[in-house]
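> Sharing a structure with you now.
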Amino acid sequence: MARLPRLTVPGYPHHIIQRGNNRQPIFAADADYEAFLGMLDEHSRAQGVALHAYVLMTNHFHLLATPDSAEAIPQMMQAVGRRYVRYFNQRQARTGTLWEGRYKSTLIQAERYLLACMVYIDLNPVRAGMVAAPVDYPWSSHRHYAGLRTDKLVTPHPLFWELGNTPFARDAAYVELVNAGIDSDAQRALTDSALRGWALGEPSYVAALQKKTDRRVSPGAPGRPRAK
């Protein structure tokens, strides 16, 4: 069966995953993380992508972003991906591919899953046993939302602003969400939806989204022709 084209819809948050080929490291030193974030900052602004959250792991990364246009995320990912491969290959005196195929992404229902996806992203280093708490990991957006630093790369989603009336209240409320964690079902749903490319949300959300595109957005997408 032919693989589905990636779905990008302006104004909707997208969960994006990109992995290293054969799970090999894509970052070898602090300078690599810093270089990648600089490229991501440059090209997200140039293409009109609001980056809400991110985490850079040793052999993969997650992004949560909302594009201004249908071309914004693909163009950003292509520009960052190609530029970073040239940078990394030169530093490591290597050749060939760095990525495990094309990046994976899907749309998520903001009201239901956006904050959960942010928590999921923040907890990646903890689940991997790299740190005891998200605040201990420097290569994610968690410290920005915890009020410990200002990250110019981050554009908070409106749902984050609704967590409190003051910066301190919002930061405290978000840290409380992260400390509470997410259950295994939500964690699995966030991972599977991004890897498989199916939209994640309530039936009404999926149905409304399907009306915006000819590309199927779920395994049992609304409007799918019935077998005769």
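Chain labels A, B, ... are given in the sequence in which chains occur in the structure tokens; within each chain residues are numbered consecutively from 1, and ligands are likewise numbered from 1 in the order shown.
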Which of region 4-74 of chain A end up as alpha helix (DSSP H) when DSSP is run on this backbone - answer as a list in words?
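In region 4-74 of chain A, DSSP puts these residues in alpha helix (DSSP H): Asp30, Ala31, Asp32, Tyr33, Glu34, Ala35, Phe36, Leu37, Gly38, Met39, Leu40, Asp41, Glu42, His43, Ser44, Arg45, Ala46, Gln47, Ala72, Ile73 and Pro74 of chain A.
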> Just write the chosen residues, N, CA, C and O atoms, as a tab-separated table (two decimals), in the first residue's frame.

chain	number	residue	atom	x	y	z
A	30	ASP	N	27.63	19.48	22.70
A	30	ASP	CA	26.75	20.61	22.99
A	30	ASP	C	26.65	21.55	21.79
A	30	ASP	O	25.58	22.11	21.51
A	31	ALA	N	27.75	21.72	21.07
A	31	ALA	CA	27.75	22.61	19.91
A	31	ALA	C	26.77	22.15	18.84
A	31	ALA	O	26.20	22.98	18.12
A	32	ASP	N	26.54	20.85	18.76
A	32	ASP	CA	25.60	20.32	17.77
A	32	ASP	C	24.16	20.70	18.13
A	32	ASP	O	23.39	21.11	17.26
A	33	TYR	N	23.81	20.53	19.39
A	33	TYR	CA	22.48	20.93	19.84
A	33	TYR	C	22.26	22.43	19.58
A	33	TYR	O	21.20	22.85	19.10
A	34	GLU	N	23.26	23.23	19.92
A	34	GLU	CA	23.15	24.68	19.76
A	34	GLU	C	23.02	25.06	18.30
A	34	GLU	O	22.22	25.94	17.94
A	35	ALA	N	23.80	24.39	17.44
A	35	ALA	CA	23.72	24.69	16.01
A	35	ALA	C	22.35	24.33	15.45
A	35	ALA	O	21.76	25.10	14.67
A	36	PHE	N	21.82	23.18	15.85
A	36	PHE	CA	20.50	22.75	15.36
A	36	PHE	C	19.42	23.74	15.80
A	36	PHE	O	18.57	24.12	15.01
A	37	LEU	N	19.47	24.16	17.06
A	37	LEU	CA	18.46	25.10	17.55
A	37	LEU	C	18.55	26.44	16.82
A	37	LEU	O	17.53	27.07	16.55
A	38	GLY	N	19.76	26.85	16.50
A	38	GLY	CA	19.93	28.09	15.75
A	38	GLY	C	19.32	27.98	14.37
A	38	GLY	O	18.64	28.91	13.88
A	39	MET	N	19.52	26.86	13.71
A	39	MET	CA	18.93	26.64	12.39
A	39	MET	C	17.41	26.57	12.48
A	39	MET	O	16.69	27.10	11.62
A	40	LEU	N	16.92	25.90	13.51
A	40	LEU	CA	15.47	25.78	13.70
A	40	LEU	C	14.85	27.15	13.94
A	40	LEU	O	13.78	27.46	13.40
A	41	ASP	N	15.50	27.97	14.72
A	41	ASP	CA	15.01	29.33	14.99
A	41	ASP	C	14.94	30.13	13.69
A	41	ASP	O	13.92	30.76	13.38
A	42	GLU	N	16.02	30.08	12.93
A	42	GLU	CA	16.08	30.85	11.68
A	42	GLU	C	15.00	30.43	10.70
A	42	GLU	O	14.27	31.27	10.15
A	43	HIS	N	14.87	29.14	10.47
A	43	HIS	CA	13.96	28.68	9.43
A	43	HIS	C	12.50	28.62	9.88
A	43	HIS	O	11.60	28.73	9.05
A	44	SER	N	12.25	28.45	11.17
A	44	SER	CA	10.86	28.52	11.63
A	44	SER	C	10.31	29.94	11.45
A	44	SER	O	9.16	30.12	11.02
A	45	ARG	N	11.14	30.94	11.71
A	45	ARG	CA	10.71	32.33	11.51
A	45	ARG	C	10.56	32.65	10.03
A	45	ARG	O	9.61	33.31	9.62
A	46	ALA	N	11.51	32.17	9.23
A	46	ALA	CA	11.48	32.47	7.81
A	46	ALA	C	10.26	31.86	7.13
A	46	ALA	O	9.68	32.45	6.21
A	47	GLN	N	9.84	30.67	7.58
A	47	GLN	CA	8.74	29.96	6.93
A	47	GLN	C	7.38	30.21	7.59
A	47	GLN	O	6.36	29.76	7.07
A	72	ALA	N	4.63	25.58	5.10
A	72	ALA	CA	5.56	26.10	6.11
A	72	ALA	C	6.38	25.02	6.79
A	72	ALA	O	7.61	25.12	6.87
A	73	ILE	N	5.73	23.99	7.32
A	73	ILE	CA	6.47	22.93	8.03
A	73	ILE	C	7.35	22.13	7.07
A	73	ILE	O	8.54	21.91	7.36
A	74	PRO	N	6.84	21.67	5.91
A	74	PRO	CA	7.73	20.95	4.99
A	74	PRO	C	8.96	21.76	4.58
A	74	PRO	O	10.07	21.23	4.53
> Determine which residues of region 30-70 of chain A DSSP labels as strand (DSSP E or B) from the backbone of this structure, then write them out as a list in words.
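Selecting the strand (DSSP E or B) positions of region 30-70 of chain A gives Val49, Ala50, Leu51, His52, Ala53, Tyr54, Val55, Leu56, His60, Phe61, His62, Leu63, Leu64, Ala65, Thr66 and Pro67 of chain A.
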> Since we have the selection now, will you write its residues out, keeping C-alpha atoms, as a PDB file, in the first residue's frame?

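Okay, this is what ended up in again22.pdb:
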ATOM      1  CA  VAL A  49       6.060  28.303  11.897  1.00  0.00           C
ATOM      2  CA  ALA A  50       5.225  28.959  15.555  1.00  0.00           C
ATOM      3  CA  LEU A  51       7.215  26.494  17.639  1.00  0.00           C
ATOM      4  CA  HIS A  52       5.410  25.734  20.898  1.00  0.00           C
ATOM      5  CA  ALA A  53       7.632  23.022  22.385  1.00  0.00           C
ATOM      6  CA  TYR A  54      10.646  20.893  21.544  1.00  0.00           C
ATOM      7  CA  VAL A  55      13.096  18.333  22.873  1.00  0.00           C
ATOM      8  CA  LEU A  56      16.347  17.250  21.258  1.00  0.00           C
ATOM      9  CA  HIS A  60      15.821  11.932  17.617  1.00  0.00           C
ATOM     10  CA  PHE A  61      13.795  15.054  18.312  1.00  0.00           C
ATOM     11  CA  HIS A  62      10.199  16.139  18.850  1.00  0.00           C
ATOM     12  CA  LEU A  63       8.586  19.426  17.860  1.00  0.00           C
ATOM     13  CA  LEU A  64       5.131  20.853  18.537  1.00  0.00           C
ATOM     14  CA  ALA A  65       4.376  23.588  16.039  1.00  0.00           C
ATOM     15  CA  THR A  66       1.632  25.515  14.251  1.00  0.00           C
ATOM     16  CA  PRO A  67       2.264  26.600  10.621  1.00  0.00           C
TER      17      PRO A  67
END
> Rank A:Arg6, A:Arg215, A:Arg86, A:Arg23 by their smallest atom-to-atom distance to Asn59 (chain A), using only C-alpha atoms, and report the top residue only.
A:Arg23
> Hey, can you check how far CA of Asp122 (chain A) sits from CA of Gln78 (chain A)?
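Distance reported for this atom pair: 24.4 Å.
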> Using only C-alpha atoms, which of the listed residues (A:Thr58, A:Gln109, A:Ser141, A:Asn22) sits closest to Leu200 (chain A)?
A:Gln109
> Near Gln24 (chain A), counting only C-alpha atoms, which residues have an atom at most 12 Å away, once you skip same-chain residues fewer than 4 positions from it, shown as an MDAnalysis selection string?
chainID A and resid 18:20 28 57:60 97:100
> For region 94-149 of chain A against region 160-173 of chain A, with a cut-off of 6 Å and counting only C-alpha atoms, what is the closest atom pair and its distance in Å to one decimal for every residue that makes the cut, ordered by chain and number, as CSV?

residue,atom,partner,partner_atom,distance
A:Tyr145,CA,A:Asp171,CA,5.7
A:Ala146,CA,A:Asp171,CA,4.9
A:Gly147,CA,A:Asp171,CA,5.7
> Determine the nearest neighbour of Ser105 (chain A) from the options A:Ser193, A:Pro10, A:Leu4, A:Leu209, counting only C-alpha atoms.
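Ranking A:Ser193, A:Pro10, A:Leu4, A:Leu209 by distance to Ser105 (chain A), first place goes to A:Ser193.
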> At a cut-off of 12 Å, using only C-alpha atoms, what residues contact Gly181 (chain A)? Leave out same-chain residues fewer than 3 positions from it and give the result as a list in words.
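Non-adjacent residues within range: Leu115, Ala116, Cys117, Met118, Val119, Tyr120, Ile121, Asp122, Leu123, Asn124, Val126, Arg127, Ala133, Pro134, Tyr174, Val175, Glu176, Leu177, Val178, Ser184, Asp185, Ala186 and Gln187 of chain A.
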> How would the residues just chosen look if you wrote them out with N, CA and C atoms as a short mmCIF file (atom, residue, chain, number, x, y, z; two decimals), in the first residue's frame?

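Saved to part.cif:
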data_model
loop_
_atom_site.label_atom_id
_atom_site.label_comp_id
_atom_site.auth_asym_id
_atom_site.auth_seq_id
_atom_site.Cartn_x
_atom_site.Cartn_y
_atom_site.Cartn_z
N LEU A 115 -1.59 20.49 25.58
CA LEU A 115 -0.82 20.54 26.82
C LEU A 115 -0.26 19.16 27.16
N ALA A 116 -1.03 18.11 26.87
CA ALA A 116 -0.53 16.75 27.11
C ALA A 116 0.68 16.46 26.23
N CYS A 117 0.67 16.97 25.00
CA CYS A 117 1.80 16.76 24.11
C CYS A 117 3.03 17.52 24.61
N MET A 118 2.84 18.70 25.15
CA MET A 118 3.95 19.45 25.73
C MET A 118 4.56 18.68 26.90
N VAL A 119 3.71 18.14 27.75
CA VAL A 119 4.19 17.34 28.89
C VAL A 119 4.93 16.11 28.39
N TYR A 120 4.34 15.44 27.41
CA TYR A 120 4.96 14.26 26.81
C TYR A 120 6.35 14.58 26.27
N ILE A 121 6.48 15.70 25.59
CA ILE A 121 7.77 16.13 25.04
C ILE A 121 8.76 16.40 26.16
N ASP A 122 8.33 17.12 27.19
CA ASP A 122 9.22 17.45 28.31
C ASP A 122 9.72 16.22 29.05
N LEU A 123 8.89 15.18 29.11
CA LEU A 123 9.24 13.99 29.88
C LEU A 123 10.08 12.98 29.11
N ASN A 124 10.35 13.24 27.84
CA ASN A 124 11.17 12.31 27.06
C ASN A 124 12.50 11.98 27.71
N VAL A 126 13.33 12.08 30.80
CA VAL A 126 13.09 11.35 32.04
C VAL A 126 12.76 9.89 31.72
N ARG A 127 11.88 9.66 30.73
CA ARG A 127 11.55 8.30 30.34
C ARG A 127 12.77 7.54 29.83
N ALA A 133 14.59 14.74 36.36
CA ALA A 133 13.46 15.66 36.18
C ALA A 133 13.67 16.47 34.91
N PRO A 134 12.59 16.91 34.26
CA PRO A 134 12.72 17.68 33.02
C PRO A 134 13.58 18.93 33.17
N TYR A 174 1.88 25.06 34.87
CA TYR A 174 2.46 24.14 33.89
C TYR A 174 3.38 23.12 34.55
N VAL A 175 4.21 23.58 35.47
CA VAL A 175 5.10 22.66 36.19
C VAL A 175 4.28 21.60 36.92
N GLU A 176 3.14 22.00 37.44
CA GLU A 176 2.27 21.04 38.13
C GLU A 176 1.76 19.99 37.14
N LEU A 177 1.42 20.42 35.91
CA LEU A 177 0.98 19.47 34.90
C LEU A 177 2.09 18.47 34.57
N VAL A 178 3.31 18.98 34.44
CA VAL A 178 4.43 18.10 34.11
C VAL A 178 4.69 17.12 35.25
N SER A 184 -0.34 6.19 30.33
CA SER A 184 0.28 5.40 29.26
C SER A 184 -0.55 5.43 27.98
N ASP A 185 -1.88 5.52 28.10
CA ASP A 185 -2.72 5.54 26.91
C ASP A 185 -2.49 6.81 26.10
N ALA A 186 -2.43 7.95 26.79
CA ALA A 186 -2.19 9.21 26.10
C ALA A 186 -0.79 9.22 25.50
N GLN A 187 0.17 8.70 26.23
CA GLN A 187 1.54 8.64 25.74
C GLN A 187 1.62 7.81 24.46
#
> CA of Phe27 (chain A) and CA of Ala70 (chain A), how far apart in Å?
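According to the coordinates, CA of Ala70 (chain A) and CA of Phe27 (chain A) are separated by 28.9 Å.
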